[in-house]
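*Asks:* To be precise about what I am sending: the file is called my_file_5.cif and holds mmCIF, C-alpha atoms.
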```cif
data_query
#
loop_
_atom_site.group_PDB
_atom_site.id
_atom_site.type_symbol
_atom_site.label_atom_id
_atom_site.label_comp_id
_atom_site.auth_asym_id
_atom_site.auth_seq_id
_atom_site.Cartn_x
_atom_site.Cartn_y
_atom_site.Cartn_z
ATOM 1 C CA MET Z 1 39.840 -32.461 40.081
ATOM 2 C CA SER Z 2 38.755 -33.087 36.505
ATOM 3 C CA ILE Z 3 39.496 -34.651 33.131
ATOM 4 C CA GLU Z 4 39.629 -32.150 30.265
ATOM 5 C CA VAL Z 5 39.177 -33.177 26.628
ATOM 6 C CA HIS Z 6 40.264 -30.609 24.022
ATOM 7 C CA ILE Z 7 39.084 -31.367 20.472
ATOM 8 C CA LEU Z 8 41.832 -30.615 17.919
ATOM 9 C CA GLY Z 9 40.539 -32.542 14.903
ATOM 10 C CA SER Z 10 37.221 -34.225 14.080
ATOM 11 C CA SER Z 11 37.302 -35.097 10.380
ATOM 12 C CA SER Z 12 37.612 -38.570 8.903
ATOM 13 C CA ALA Z 13 39.996 -39.430 6.083
ATOM 14 C CA THR Z 14 40.813 -35.910 4.899
ATOM 15 C CA PRO Z 15 40.887 -32.256 5.987
ATOM 16 C CA ILE Z 16 37.740 -30.550 4.708
ATOM 17 C CA PHE Z 17 35.309 -27.726 5.575
ATOM 18 C CA ASP Z 18 37.898 -26.324 8.000
ATOM 19 C CA ARG Z 19 37.846 -29.654 9.855
ATOM 20 C CA HIS Z 20 41.091 -31.505 10.495
ATOM 21 C CA PRO Z 21 41.813 -35.225 10.925
ATOM 22 C CA THR Z 22 41.412 -36.780 14.335
ATOM 23 C CA SER Z 23 43.349 -35.551 17.346
ATOM 24 C CA GLN Z 24 42.551 -34.709 20.962
ATOM 25 C CA LEU Z 25 44.432 -33.303 23.935
ATOM 26 C CA VAL Z 26 43.448 -34.891 27.253
ATOM 27 C CA ARG Z 27 44.512 -33.397 30.582
ATOM 28 C CA VAL Z 28 44.422 -35.448 33.790
ATOM 29 C CA LEU Z 29 45.985 -33.930 36.916
ATOM 30 C CA HIS Z 30 49.526 -32.783 35.989
ATOM 31 C CA HIS Z 31 49.675 -34.910 32.817
ATOM 32 C CA THR Z 32 48.975 -33.782 29.263
ATOM 33 C CA PHE Z 33 48.153 -36.604 26.837
ATOM 34 C CA LEU Z 34 47.744 -36.479 23.057
ATOM 35 C CA VAL Z 35 45.318 -38.999 21.555
ATOM 36 C CA ASP Z 36 45.836 -39.620 17.835
ATOM 37 C CA CYS Z 37 47.818 -37.265 15.665
ATOM 38 C CA GLY Z 38 46.253 -36.678 12.271
ATOM 39 C CA GLU Z 39 47.671 -34.365 9.635
ATOM 40 C CA GLY Z 40 47.976 -30.790 10.913
ATOM 41 C CA THR Z 41 47.869 -31.653 14.629
ATOM 42 C CA GLN Z 42 50.826 -29.470 15.557
ATOM 43 C CA MET Z 43 49.200 -26.527 13.765
ATOM 44 C CA GLN Z 44 46.012 -27.156 15.745
ATOM 45 C CA LEU Z 45 48.004 -27.277 18.988
ATOM 46 C CA SER Z 46 49.425 -23.857 18.138
ATOM 47 C CA ARG Z 47 46.045 -22.512 17.045
ATOM 48 C CA TYR Z 48 44.484 -23.342 20.415
ATOM 49 C CA HIS Z 49 47.545 -22.300 22.449
ATOM 50 C CA HIS Z 50 48.663 -25.712 23.670
ATOM 51 C CA LYS Z 51 52.374 -26.328 24.225
ATOM 52 C CA ALA Z 52 53.615 -29.546 22.627
ATOM 53 C CA ALA Z 53 56.455 -29.655 25.156
ATOM 54 C CA LYS Z 54 53.934 -30.451 27.893
ATOM 55 C CA ILE Z 55 52.768 -33.673 26.215
ATOM 56 C CA SER Z 56 54.116 -36.574 28.264
ATOM 57 C CA HIS Z 57 52.302 -39.521 26.657
ATOM 58 C CA LEU Z 58 51.012 -39.923 23.098
ATOM 59 C CA PHE Z 59 48.475 -42.567 22.073
ATOM 60 C CA ILE Z 60 47.919 -43.705 18.467
ATOM 61 C CA SER Z 61 44.756 -45.777 17.998
ATOM 62 C CA HIS Z 62 45.639 -47.343 14.633
ATOM 63 C CA LEU Z 63 47.697 -46.886 11.494
ATOM 64 C CA HIS Z 64 45.244 -45.297 9.086
ATOM 65 C CA GLY Z 65 46.755 -42.029 7.933
ATOM 66 C CA ASP Z 66 44.085 -39.719 9.309
ATOM 67 C CA HIS Z 67 45.096 -40.829 12.804
ATOM 68 C CA TYR Z 68 48.889 -40.698 12.660
ATOM 69 C CA LEU Z 69 50.245 -38.778 9.625
ATOM 70 C CA GLY Z 70 50.930 -35.730 11.814
ATOM 71 C CA LEU Z 71 53.074 -37.746 14.212
ATOM 72 C CA MET Z 72 56.487 -37.547 12.537
ATOM 73 C CA GLY Z 73 56.192 -33.794 12.064
ATOM 74 C CA LEU Z 74 55.207 -33.244 15.691
ATOM 75 C CA LEU Z 75 58.012 -35.451 17.035
ATOM 76 C CA SER Z 76 60.531 -33.665 14.804
ATOM 77 C CA THR Z 77 59.347 -30.249 15.928
ATOM 78 C CA MET Z 78 59.716 -31.275 19.561
ATOM 79 C CA SER Z 79 63.313 -32.235 18.804
ATOM 80 C CA LEU Z 80 64.032 -28.973 16.953
ATOM 81 C CA GLN Z 81 62.644 -27.037 19.912
ATOM 82 C CA GLY Z 82 65.153 -28.685 22.227
ATOM 83 C CA ARG Z 83 62.990 -31.177 24.072
ATOM 84 C CA LYS Z 84 64.970 -33.330 26.508
ATOM 85 C CA THR Z 85 62.232 -34.951 28.586
ATOM 86 C CA PRO Z 86 61.143 -38.481 27.612
ATOM 87 C CA LEU Z 87 58.012 -39.073 25.541
ATOM 88 C CA TYR Z 88 55.980 -42.241 25.990
ATOM 89 C CA LEU Z 89 54.404 -43.373 22.730
ATOM 90 C CA TYR Z 90 51.709 -46.062 22.537
ATOM 91 C CA GLY Z 91 50.568 -47.576 19.260
ATOM 92 C CA PRO Z 92 49.792 -50.784 17.375
ATOM 93 C CA PRO Z 93 52.477 -53.059 15.915
ATOM 94 C CA GLY Z 94 54.192 -51.413 12.948
ATOM 95 C CA LEU Z 95 54.380 -47.894 14.350
ATOM 96 C CA GLY Z 96 57.993 -48.325 15.431
ATOM 97 C CA GLU Z 97 58.970 -49.571 11.975
ATOM 98 C CA ILE Z 98 57.265 -46.587 10.303
ATOM 99 C CA LEU Z 99 59.195 -44.113 12.462
ATOM 100 C CA THR Z 100 62.487 -45.993 12.029
ATOM 101 C CA VAL Z 101 62.224 -45.961 8.230
ATOM 102 C CA GLN Z 102 61.473 -42.230 8.143
ATOM 103 C CA LEU Z 103 64.372 -41.429 10.444
ATOM 104 C CA MET Z 104 66.717 -43.672 8.467
ATOM 105 C CA TYR Z 105 66.003 -42.140 5.066
ATOM 106 C CA SER Z 106 66.046 -38.570 6.373
ATOM 107 C CA GLU Z 107 69.267 -39.281 8.309
ATOM 108 C CA SER Z 108 67.623 -37.808 11.387
ATOM 109 C CA ARG Z 109 67.209 -38.629 15.042
ATOM 110 C CA PHE Z 110 65.306 -37.294 18.032
ATOM 111 C CA ASN Z 111 67.236 -35.446 20.718
ATOM 112 C CA TYR Z 112 65.065 -36.865 23.482
ATOM 113 C CA PRO Z 113 64.111 -40.403 24.543
ATOM 114 C CA VAL Z 114 61.036 -41.917 22.884
ATOM 115 C CA HIS Z 115 59.729 -44.992 24.696
ATOM 116 C CA LEU Z 116 57.489 -47.006 22.367
ATOM 117 C CA VAL Z 117 54.912 -49.404 23.817
ATOM 118 C CA GLU Z 118 53.051 -51.683 21.392
ATOM 119 C CA LEU Z 119 49.328 -52.186 21.955
ATOM 120 C CA GLN Z 120 48.130 -55.766 22.042
ATOM 121 C CA GLY Z 121 45.450 -58.147 23.241
ATOM 122 C CA ASP Z 122 41.734 -58.724 22.729
ATOM 123 C CA LYS Z 123 40.497 -57.459 26.113
ATOM 124 C CA PRO Z 124 40.851 -54.205 28.081
ATOM 125 C CA TYR Z 125 44.083 -53.847 30.046
ATOM 126 C CA THR Z 126 46.005 -51.172 31.963
ATOM 127 C CA LEU Z 127 48.648 -49.233 30.037
ATOM 128 C CA LEU Z 128 49.674 -46.703 32.638
ATOM 129 C CA GLU Z 129 48.901 -46.254 36.328
ATOM 130 C CA GLU Z 130 49.768 -43.875 39.135
ATOM 131 C CA ASP Z 131 48.240 -43.327 42.571
ATOM 132 C CA ARG Z 132 45.470 -41.012 41.350
ATOM 133 C CA PHE Z 133 44.815 -42.068 37.759
ATOM 134 C CA LYS Z 134 45.228 -44.808 35.194
ATOM 135 C CA VAL Z 135 44.897 -45.294 31.441
ATOM 136 C CA GLU Z 136 43.455 -48.435 29.889
ATOM 137 C CA ALA Z 137 43.537 -49.722 26.302
ATOM 138 C CA PHE Z 138 40.777 -51.819 24.757
ATOM 139 C CA PRO Z 139 40.406 -53.367 21.281
ATOM 140 C CA LEU Z 140 37.995 -51.992 18.704
ATOM 141 C CA GLN Z 141 36.709 -53.684 15.544
ATOM 142 C CA HIS Z 142 38.117 -51.997 12.470
ATOM 143 C CA ARG Z 143 39.724 -53.115 9.208
ATOM 144 C CA ILE Z 144 43.170 -53.120 10.818
ATOM 145 C CA PRO Z 145 44.239 -53.469 14.494
ATOM 146 C CA CYS Z 146 42.701 -50.543 16.365
ATOM 147 C CA TYR Z 147 42.455 -49.588 20.034
ATOM 148 C CA GLY Z 148 40.484 -47.237 22.210
ATOM 149 C CA PHE Z 149 41.652 -45.618 25.424
ATOM 150 C CA ARG Z 150 40.012 -44.972 28.785
ATOM 151 C CA PHE Z 151 41.311 -42.298 31.161
ATOM 152 C CA ILE Z 152 40.306 -42.834 34.781
ATOM 153 C CA LEU Z 153 40.659 -40.368 37.636
ATOM 154 C CA LYS Z 154 40.495 -42.630 40.668
ATOM 155 C CA LYS Z 155 38.386 -42.225 43.761
ATOM 156 C CA SER Z 156 40.238 -39.975 46.203
ATOM 157 C CA ASN Z 157 41.135 -40.681 49.807
ATOM 158 C CA ARG Z 158 38.919 -39.162 52.456
ATOM 159 C CA LYS Z 159 39.861 -35.579 53.230
ATOM 160 C CA LEU Z 160 40.509 -34.576 56.836
ATOM 161 C CA ASN Z 161 38.198 -32.039 58.454
ATOM 162 C CA LYS Z 162 40.933 -30.184 60.315
ATOM 163 C CA SER Z 163 38.471 -28.178 62.379
ATOM 164 C CA LYS Z 164 37.259 -31.406 64.008
ATOM 165 C CA LEU Z 165 40.564 -33.242 64.392
ATOM 166 C CA PRO Z 166 41.935 -33.672 67.932
ATOM 167 C CA GLU Z 167 45.502 -32.549 68.587
ATOM 168 C CA ASN Z 168 48.543 -34.814 68.759
ATOM 169 C CA LEU Z 169 47.467 -37.440 66.249
ATOM 170 C CA ASN Z 170 50.475 -39.310 64.854
ATOM 171 C CA LEU Z 171 51.184 -39.928 61.160
ATOM 172 C CA LEU Z 172 49.904 -43.507 61.276
ATOM 173 C CA GLN Z 173 46.593 -42.362 62.727
ATOM 174 C CA ILE Z 174 46.239 -39.595 60.143
ATOM 175 C CA GLY Z 175 46.999 -42.092 57.367
ATOM 176 C CA ALA Z 176 44.363 -44.474 58.709
ATOM 177 C CA LEU Z 177 41.749 -41.714 58.747
ATOM 178 C CA LYS Z 178 42.503 -40.815 55.118
ATOM 179 C CA LYS Z 179 41.916 -44.460 54.197
ATOM 180 C CA GLY Z 180 38.491 -44.368 55.823
ATOM 181 C CA LEU Z 181 39.381 -46.290 58.985
ATOM 182 C CA ASP Z 182 38.169 -45.602 62.515
ATOM 183 C CA LEU Z 183 40.740 -45.148 65.286
ATOM 184 C CA PHE Z 184 40.917 -47.453 68.323
ATOM 185 C CA ASP Z 185 42.970 -47.437 71.513
ATOM 186 C CA ASP Z 186 45.179 -50.320 72.692
ATOM 187 C CA LYS Z 187 42.189 -51.986 74.330
ATOM 188 C CA GLY Z 188 40.053 -51.880 71.219
ATOM 189 C CA ASN Z 189 37.877 -49.017 72.358
ATOM 190 C CA ILE Z 190 36.804 -46.514 69.701
ATOM 191 C CA LEU Z 191 38.721 -43.250 69.773
ATOM 192 C CA LEU Z 192 37.381 -41.593 66.637
ATOM 193 C CA HIS Z 193 34.672 -42.446 64.154
ATOM 194 C CA ASN Z 194 36.082 -41.698 60.734
ATOM 195 C CA LYS Z 195 32.917 -40.071 59.410
ATOM 196 C CA ASP Z 196 33.002 -37.551 62.273
ATOM 197 C CA VAL Z 197 36.356 -36.054 61.286
ATOM 198 C CA THR Z 198 36.615 -36.533 57.503
ATOM 199 C CA PHE Z 199 34.844 -35.497 54.317
ATOM 200 C CA ASP Z 200 33.528 -38.027 51.811
ATOM 201 C CA PRO Z 201 36.014 -39.039 49.075
ATOM 202 C CA LEU Z 202 35.655 -37.698 45.547
ATOM 203 C CA PRO Z 203 34.209 -40.379 43.230
ATOM 204 C CA GLU Z 204 35.989 -42.052 40.319
ATOM 205 C CA VAL Z 205 35.362 -40.418 36.945
ATOM 206 C CA SER Z 206 36.374 -41.539 33.464
ATOM 207 C CA TYR Z 207 36.624 -40.625 29.795
ATOM 208 C CA ALA Z 208 36.617 -43.231 27.013
ATOM 209 C CA TYR Z 209 37.914 -42.610 23.495
ATOM 210 C CA CYS Z 210 36.505 -44.963 20.855
ATOM 211 C CA SER Z 211 38.319 -44.397 17.597
ATOM 212 C CA ASP Z 212 37.367 -46.084 14.301
ATOM 213 C CA THR Z 213 35.128 -49.084 14.907
ATOM 214 C CA ILE Z 214 32.116 -50.899 13.600
ATOM 215 C CA TYR Z 215 29.198 -50.983 16.054
ATOM 216 C CA THR Z 216 30.012 -53.551 18.738
ATOM 217 C CA PRO Z 217 27.937 -54.194 21.906
ATOM 218 C CA LEU Z 218 31.119 -55.404 23.637
ATOM 219 C CA LEU Z 219 31.945 -51.771 24.342
ATOM 220 C CA SER Z 220 28.857 -51.507 26.531
ATOM 221 C CA GLU Z 221 30.113 -54.408 28.636
ATOM 222 C CA TRP Z 222 33.674 -53.144 28.911
ATOM 223 C CA LEU Z 223 33.024 -49.449 29.470
ATOM 224 C CA ARG Z 224 29.768 -49.378 31.404
ATOM 225 C CA ASP Z 225 29.186 -46.245 33.526
ATOM 226 C CA THR Z 226 31.951 -44.283 31.813
ATOM 227 C CA HIS Z 227 31.130 -40.626 32.434
ATOM 228 C CA LEU Z 228 32.183 -39.102 29.097
ATOM 229 C CA LEU Z 229 32.389 -41.051 25.838
ATOM 230 C CA TYR Z 230 33.861 -40.084 22.478
ATOM 231 C CA HIS Z 231 32.623 -42.456 19.787
ATOM 232 C CA GLU Z 232 33.191 -42.161 16.060
ATOM 233 C CA SER Z 233 30.034 -41.334 14.111
ATOM 234 C CA THR Z 234 31.210 -41.204 10.526
ATOM 235 C CA PHE Z 235 27.792 -41.572 8.852
ATOM 236 C CA THR Z 236 24.064 -41.109 9.303
ATOM 237 C CA THR Z 237 21.805 -44.146 9.159
ATOM 238 C CA ASP Z 238 21.186 -43.461 5.437
ATOM 239 C CA PHE Z 239 24.680 -44.849 4.902
ATOM 240 C CA ALA Z 240 24.480 -47.736 7.380
ATOM 241 C CA GLU Z 241 25.609 -50.246 4.740
ATOM 242 C CA ARG Z 242 28.587 -48.058 3.861
ATOM 243 C CA ALA Z 243 29.447 -47.848 7.556
ATOM 244 C CA LYS Z 244 29.330 -51.620 7.837
ATOM 245 C CA GLU Z 245 31.473 -52.130 4.722
ATOM 246 C CA THR Z 246 34.161 -49.746 5.985
ATOM 247 C CA PHE Z 247 33.977 -50.849 9.647
ATOM 248 C CA HIS Z 248 32.663 -47.506 10.844
ATOM 249 C CA SER Z 249 29.620 -46.464 12.886
ATOM 250 C CA THR Z 250 26.592 -44.266 12.383
ATOM 251 C CA ALA Z 251 25.599 -41.487 14.756
ATOM 252 C CA ALA Z 252 22.625 -43.574 15.914
ATOM 253 C CA GLN Z 253 24.895 -46.529 16.682
ATOM 254 C CA ALA Z 254 27.268 -44.315 18.667
ATOM 255 C CA ALA Z 255 24.270 -43.008 20.608
ATOM 256 C CA LYS Z 256 23.041 -46.544 21.305
ATOM 257 C CA ILE Z 257 26.426 -47.457 22.750
ATOM 258 C CA ALA Z 258 26.257 -44.350 24.970
ATOM 259 C CA LYS Z 259 22.737 -45.229 26.102
ATOM 260 C CA ASP Z 260 23.620 -48.854 26.794
ATOM 261 C CA MET Z 261 26.798 -47.847 28.644
ATOM 262 C CA LYS Z 262 24.788 -45.411 30.800
ATOM 263 C CA VAL Z 263 27.235 -42.598 30.158
ATOM 264 C CA LYS Z 264 26.416 -39.013 31.057
ATOM 265 C CA LYS Z 265 27.586 -37.353 27.845
ATOM 266 C CA LEU Z 266 28.512 -38.436 24.304
ATOM 267 C CA ILE Z 267 30.907 -36.649 21.948
ATOM 268 C CA LEU Z 268 30.430 -37.368 18.239
ATOM 269 C CA GLY Z 269 33.372 -37.185 15.841
ATOM 270 C CA HIS Z 270 35.252 -38.570 12.821
ATOM 271 C CA PHE Z 271 32.763 -36.964 10.450
ATOM 272 C CA SER Z 272 32.635 -38.029 6.810
ATOM 273 C CA ALA Z 273 33.561 -35.469 4.162
ATOM 274 C CA ARG Z 274 30.061 -35.900 2.678
ATOM 275 C CA TYR Z 275 28.665 -33.767 5.550
ATOM 276 C CA LYS Z 276 29.364 -30.063 5.412
ATOM 277 C CA ASP Z 277 26.403 -29.517 7.722
ATOM 278 C CA LEU Z 278 26.750 -31.751 10.789
ATOM 279 C CA SER Z 279 23.270 -31.161 12.183
ATOM 280 C CA PRO Z 280 21.803 -34.396 10.701
ATOM 281 C CA LEU Z 281 24.362 -36.407 12.659
ATOM 282 C CA LEU Z 282 23.549 -34.582 15.877
ATOM 283 C CA GLU Z 283 19.792 -34.900 15.400
ATOM 284 C CA GLU Z 284 20.087 -38.615 14.714
ATOM 285 C CA ALA Z 285 22.189 -39.199 17.814
ATOM 286 C CA ARG Z 286 19.944 -37.120 20.075
ATOM 287 C CA SER Z 287 16.897 -39.062 18.969
ATOM 288 C CA VAL Z 288 18.524 -42.062 20.685
ATOM 289 C CA PHE Z 289 20.619 -40.397 23.407
ATOM 290 C CA PRO Z 290 19.696 -36.774 24.226
ATOM 291 C CA TYR Z 291 23.045 -35.923 25.820
ATOM 292 C CA SER Z 292 24.940 -36.098 22.527
ATOM 293 C CA PHE Z 293 27.218 -33.286 21.328
ATOM 294 C CA LEU Z 294 29.295 -32.576 18.229
ATOM 295 C CA GLY Z 295 33.059 -32.723 18.702
ATOM 296 C CA ILE Z 296 33.711 -29.290 17.195
ATOM 297 C CA GLU Z 297 37.338 -28.280 17.009
ATOM 298 C CA GLY Z 298 38.380 -25.914 19.761
ATOM 299 C CA GLN Z 299 35.718 -27.144 22.173
ATOM 300 C CA VAL Z 300 36.606 -28.431 25.631
ATOM 301 C CA PHE Z 301 34.603 -31.130 27.418
ATOM 302 C CA THR Z 302 35.152 -31.558 31.157
ATOM 303 C CA VAL Z 303 34.410 -34.383 33.566
ATOM 304 C CA ASN Z 304 34.439 -33.000 37.113
ATOM 305 C CA GLN Z 305 35.205 -35.140 40.127
ATOM 306 C CA GLU Z 306 32.463 -33.799 42.362
ATOM 307 C CA LEU Z 307 30.577 -35.105 45.368
ATOM 308 C CA LYS Z 308 27.045 -36.175 44.538
#
```
Kindly present the structure from the file in structure tokens form.
*Replies:*
Amino acid sequence: MSIEVHILGSSSATPIFDRHPTSQLVRVLHHTFLVDCGEGTQMQLSRYHHKAAKISHLFISHLHGDHYLGLMGLLSTMSLQGRKTPLYLYGPPGLGEILTVQLMYSESRFNYPVHLVELQGDKPYTLLEEDRFKVEAFPLQHRIPCYGFRFILKKSNRKLNKSKLPENLNLLQIGALKKGLDLFDDKGNILLHNKDVTFDPLPEVSYAYCSDTIYTPLLSEWLRDTHLLYHESTFTTDFAERAKETFHSTAAQAAKIAKDMKVKKLILGHFSARYKDLSPLLEEARSVFPYSFLGIEGQVFTVNQELK
């Protein structure tokens, strides 16, 4: 089992140097999620051979254009292509009004259900949860309301070692073994030690997406031990004052968050148009946190759920 992060766009503000505004495809189990939808996202989906029809949930971090201006086009294309399955759309207050106005003046409608959920609150909370995974939202500090997202592949049940299982176990006993319980007879005597007939469970793994935000140590408290982190790194430290003024982060600040959070790997992104060559950003981040990588479009980052 794994979480896959496909980088579709990594530019801030504007398309430039063959970089596109922010967007990522995240795959967890049988679900395909789209995180942010900057201008040109549907073209990037096509370029990297991803089918928009497979997207079940779409998350918009905030309402600056480089994070959502591709949304209406993508939703319209899904409708033109005959989509019938529901789409779950998460975004800050105002997103529903933006879509309604565009549909009203174009005299259009979607041919499939769109369920809009408004993001809210000043602490992390669960947006979506199933037996094996969940998605959390958490507030960031930007000029307008902005949220990050954390995708969690939960710890698995214990797996049965069928070669060591006795015959004629009933369903209740099998279920108890999967939950890590020992089996006892009616008199309380041990029948089976769980560890003798099962494999260890796969550990929980997670990916956190930190969109536009000024440097805030709160992230280290909220997202500690996240395995893979994407954190905006718009500027180098030379432009630290500019980053502060615009509520963005430097590559060094992103790396400090990764170091403090004790993550295993950091993805840098949301690069300013002033940088054609991204190596200064990478060098700055690696001087603080060696396991830093550029979020280059087309790249895939994977978090594997493996036994240690």
*Asks:* Go through range 193-260 of chain Z and flag each residue having an atom no more than 12 Å from range 29-37 of chain Z; for those, report the closest pair of atoms plus their distance in Å to one decimal, using only C-alpha atoms, ordered by chain and rising number, as JSON lines.
*Replies:*
```
{"residue": "Z:Ala208", "atom": "CA", "partner": "Z:Val35", "partner_atom": "CA", "distance": 11.1}
{"residue": "Z:Tyr209", "atom": "CA", "partner": "Z:Val35", "partner_atom": "CA", "distance": 8.5}
{"residue": "Z:Cys210", "atom": "CA", "partner": "Z:Val35", "partner_atom": "CA", "distance": 10.7}
{"residue": "Z:Ser211", "atom": "CA", "partner": "Z:Asp36", "partner_atom": "CA", "distance": 8.9}
{"residue": "Z:Asp212", "atom": "CA", "partner": "Z:Asp36", "partner_atom": "CA", "distance": 11.2}
{"residue": "Z:Tyr230", "atom": "CA", "partner": "Z:Val35", "partner_atom": "CA", "distance": 11.5}
```
*Asks:* So for range 213-221 of chain Z, what box centre and size do we get, axis-aligned, 3 Å extra on each of the six sides, every listed atom, Å to one decimal, as lines of an AutoDock Vina configuration file?
*Replies:*
```
center_x = 31.5
center_y = -52.2
center_z = 21.1
size_x = 13.2
size_y = 12.3
size_z = 21.0
```
*Asks:* Have a look at CA of Leu153 in chain Z and CA of Gln44 in chain Z and let me know their distance in Å, one decimal.
*Replies:*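 Spanning CA of Leu153 in chain Z to CA of Gln44 in chain Z is a straight-line distance of 26.1 Å.
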*Asks:* Tell me, as a PyMOL selection string, which residues lie within 7 Å of range 161-174 of chain Z, counting all atoms listed in the file; anything in the same chain fewer than 4 positions away does not count.
*Replies:* chain Z and resi 178+183+197-199
*Asks:* Would you write out those residues with C-alpha atoms, as a short mmCIF file (atom, residue, chain, number, x, y, z; two decimals), in the coordinates of the input?
*Replies:*
```cif
data_model
loop_
_atom_site.label_atom_id
_atom_site.label_comp_id
_atom_site.auth_asym_id
_atom_site.auth_seq_id
_atom_site.Cartn_x
_atom_site.Cartn_y
_atom_site.Cartn_z
CA LYS Z 178 42.50 -40.82 55.12
CA LEU Z 183 40.74 -45.15 65.29
CA VAL Z 197 36.36 -36.05 61.29
CA THR Z 198 36.62 -36.53 57.50
CA PHE Z 199 34.84 -35.50 54.32
#
```
*Asks:* For Tyr88 in chain Z, please output as a compact mmCIF listing (two decimals) with C-alpha atoms, in the coordinates of the input all residues within 8 Å (counting all atoms listed in the file; exclusion window: fewer than 5 positions along the same chain).
*Replies:*
```txt
# COMPACT_ATOMS: atom_id res chain seq x y z
CA SER Z 56 54.12 -36.57 28.26
CA HIS Z 57 52.30 -39.52 26.66
CA LEU Z 58 51.01 -39.92 23.10
CA VAL Z 114 61.04 -41.92 22.88
CA HIS Z 115 59.73 -44.99 24.70
CA LEU Z 116 57.49 -47.01 22.37
CA VAL Z 117 54.91 -49.40 23.82
```
*Asks:* Taking 3 positions as the minimum chain separation for residues in the same chain, which residues sit within 8 Å of Ser79 in chain Z when counting all atoms listed in the file? Answer as a VMD selection string.
*Replies:* chain Z and resid 75 to 76 82 to 84 110 to 112
*Asks:* Residue by residue, what does the PyMOL selection byres ((chain Z and resi 265-272) around 9) grab here? Present the result as a PyMOL selection string.
*Replies:* chain Z and resi 9-14+19+21-22+211-212+227-235+251+254-255+258+263-264+273-276+278+281-282+285+289-296+301
*Asks:* Pull the closest atom pair for each residue of range 52-85 of chain Z that gets at most 10 Å from range 126-148 of chain Z, along with the distance in Å to one decimal, counting all atoms listed in the file, ordering rows by chain and then ascending residue number, as JSON lines.
*Replies:*
```
{"residue": "Z:His57", "atom": "CA", "partner": "Z:Leu128", "partner_atom": "CA", "distance": 9.7}
{"residue": "Z:Phe59", "atom": "CA", "partner": "Z:Gly148", "partner_atom": "CA", "distance": 9.3}
{"residue": "Z:Ile60", "atom": "CA", "partner": "Z:Tyr147", "partner_atom": "CA", "distance": 8.2}
{"residue": "Z:Ser61", "atom": "CA", "partner": "Z:Tyr147", "partner_atom": "CA", "distance": 4.9}
{"residue": "Z:His62", "atom": "CA", "partner": "Z:Cys146", "partner_atom": "CA", "distance": 4.7}
{"residue": "Z:Leu63", "atom": "CA", "partner": "Z:Ile144", "partner_atom": "CA", "distance": 7.7}
{"residue": "Z:His64", "atom": "CA", "partner": "Z:Ile144", "partner_atom": "CA", "distance": 8.3}
```
*Asks:* Write a file of the just-selected residues containing C-alpha atoms, as a CSV table (one decimal), keeping the file's coordinate frame.
*Replies:*
```
chain,number,residue,atom,x,y,z
Z,57,HIS,CA,52.3,-39.5,26.7
Z,59,PHE,CA,48.5,-42.6,22.1
Z,60,ILE,CA,47.9,-43.7,18.5
Z,61,SER,CA,44.8,-45.8,18.0
Z,62,HIS,CA,45.6,-47.3,14.6
Z,63,LEU,CA,47.7,-46.9,11.5
Z,64,HIS,CA,45.2,-45.3,9.1
```
*Asks:* For each of Z:Glu241, Z:Asp18, Z:Asp277, Z:Asp260, take the minimum atom-to-atom distance to Glu297 in chain Z, counting all atoms listed in the file, then give the residue where this is smallest.
*Replies:*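 The answer is Z:Asp18, which sits nearest to Glu297 in chain Z.
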*Asks:* If you keep N, CA and C atoms, can you output range 28-37 of chain Z as a PDB file, in the first residue's frame?
*Replies:*
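Output file part-v6.pdb follows:
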```
ATOM      1  N   VAL Z  28      -4.575   7.461  -3.180  1.00  0.00           N
ATOM      2  CA  VAL Z  28      -4.584   6.687  -1.939  1.00  0.00           C
ATOM      3  C   VAL Z  28      -5.571   5.539  -2.127  1.00  0.00           C
ATOM      4  N   LEU Z  29      -5.062   4.310  -2.099  1.00  0.00           N
ATOM      5  CA  LEU Z  29      -5.891   3.129  -2.331  1.00  0.00           C
ATOM      6  C   LEU Z  29      -6.630   3.281  -3.672  1.00  0.00           C
ATOM      7  N   HIS Z  30      -7.964   3.143  -3.669  1.00  0.00           N
ATOM      8  CA  HIS Z  30      -8.723   3.225  -4.917  1.00  0.00           C
ATOM      9  C   HIS Z  30      -9.196   4.639  -5.224  1.00  0.00           C
ATOM     10  N   HIS Z  31      -8.767   5.622  -4.436  1.00  0.00           N
ATOM     11  CA  HIS Z  31      -9.216   7.004  -4.635  1.00  0.00           C
ATOM     12  C   HIS Z  31      -8.163   7.828  -5.374  1.00  0.00           C
ATOM     13  N   THR Z  32      -8.647   8.705  -6.236  1.00  0.00           N
ATOM     14  CA  THR Z  32      -7.790   9.681  -6.913  1.00  0.00           C
ATOM     15  C   THR Z  32      -8.258  11.073  -6.510  1.00  0.00           C
ATOM     16  N   PHE Z  33      -7.376  11.835  -5.871  1.00  0.00           N
ATOM     17  CA  PHE Z  33      -7.690  13.173  -5.388  1.00  0.00           C
ATOM     18  C   PHE Z  33      -6.916  14.207  -6.209  1.00  0.00           C
ATOM     19  N   LEU Z  34      -7.544  15.361  -6.442  1.00  0.00           N
ATOM     20  CA  LEU Z  34      -6.845  16.491  -7.042  1.00  0.00           C
ATOM     21  C   LEU Z  34      -6.721  17.573  -5.989  1.00  0.00           C
ATOM     22  N   VAL Z  35      -5.501  18.078  -5.796  1.00  0.00           N
ATOM     23  CA  VAL Z  35      -5.244  19.117  -4.797  1.00  0.00           C
ATOM     24  C   VAL Z  35      -4.824  20.386  -5.518  1.00  0.00           C
ATOM     25  N   ASP Z  36      -5.644  21.407  -5.415  1.00  0.00           N
ATOM     26  CA  ASP Z  36      -5.521  22.672  -6.130  1.00  0.00           C
ATOM     27  C   ASP Z  36      -5.629  22.453  -7.638  1.00  0.00           C
ATOM     28  N   CYS Z  37      -6.023  23.539  -8.309  1.00  0.00           N
ATOM     29  CA  CYS Z  37      -6.352  23.406  -9.729  1.00  0.00           C
ATOM     30  C   CYS Z  37      -6.039  24.722 -10.431  1.00  0.00           C
TER      31      CYS Z  37
END
```
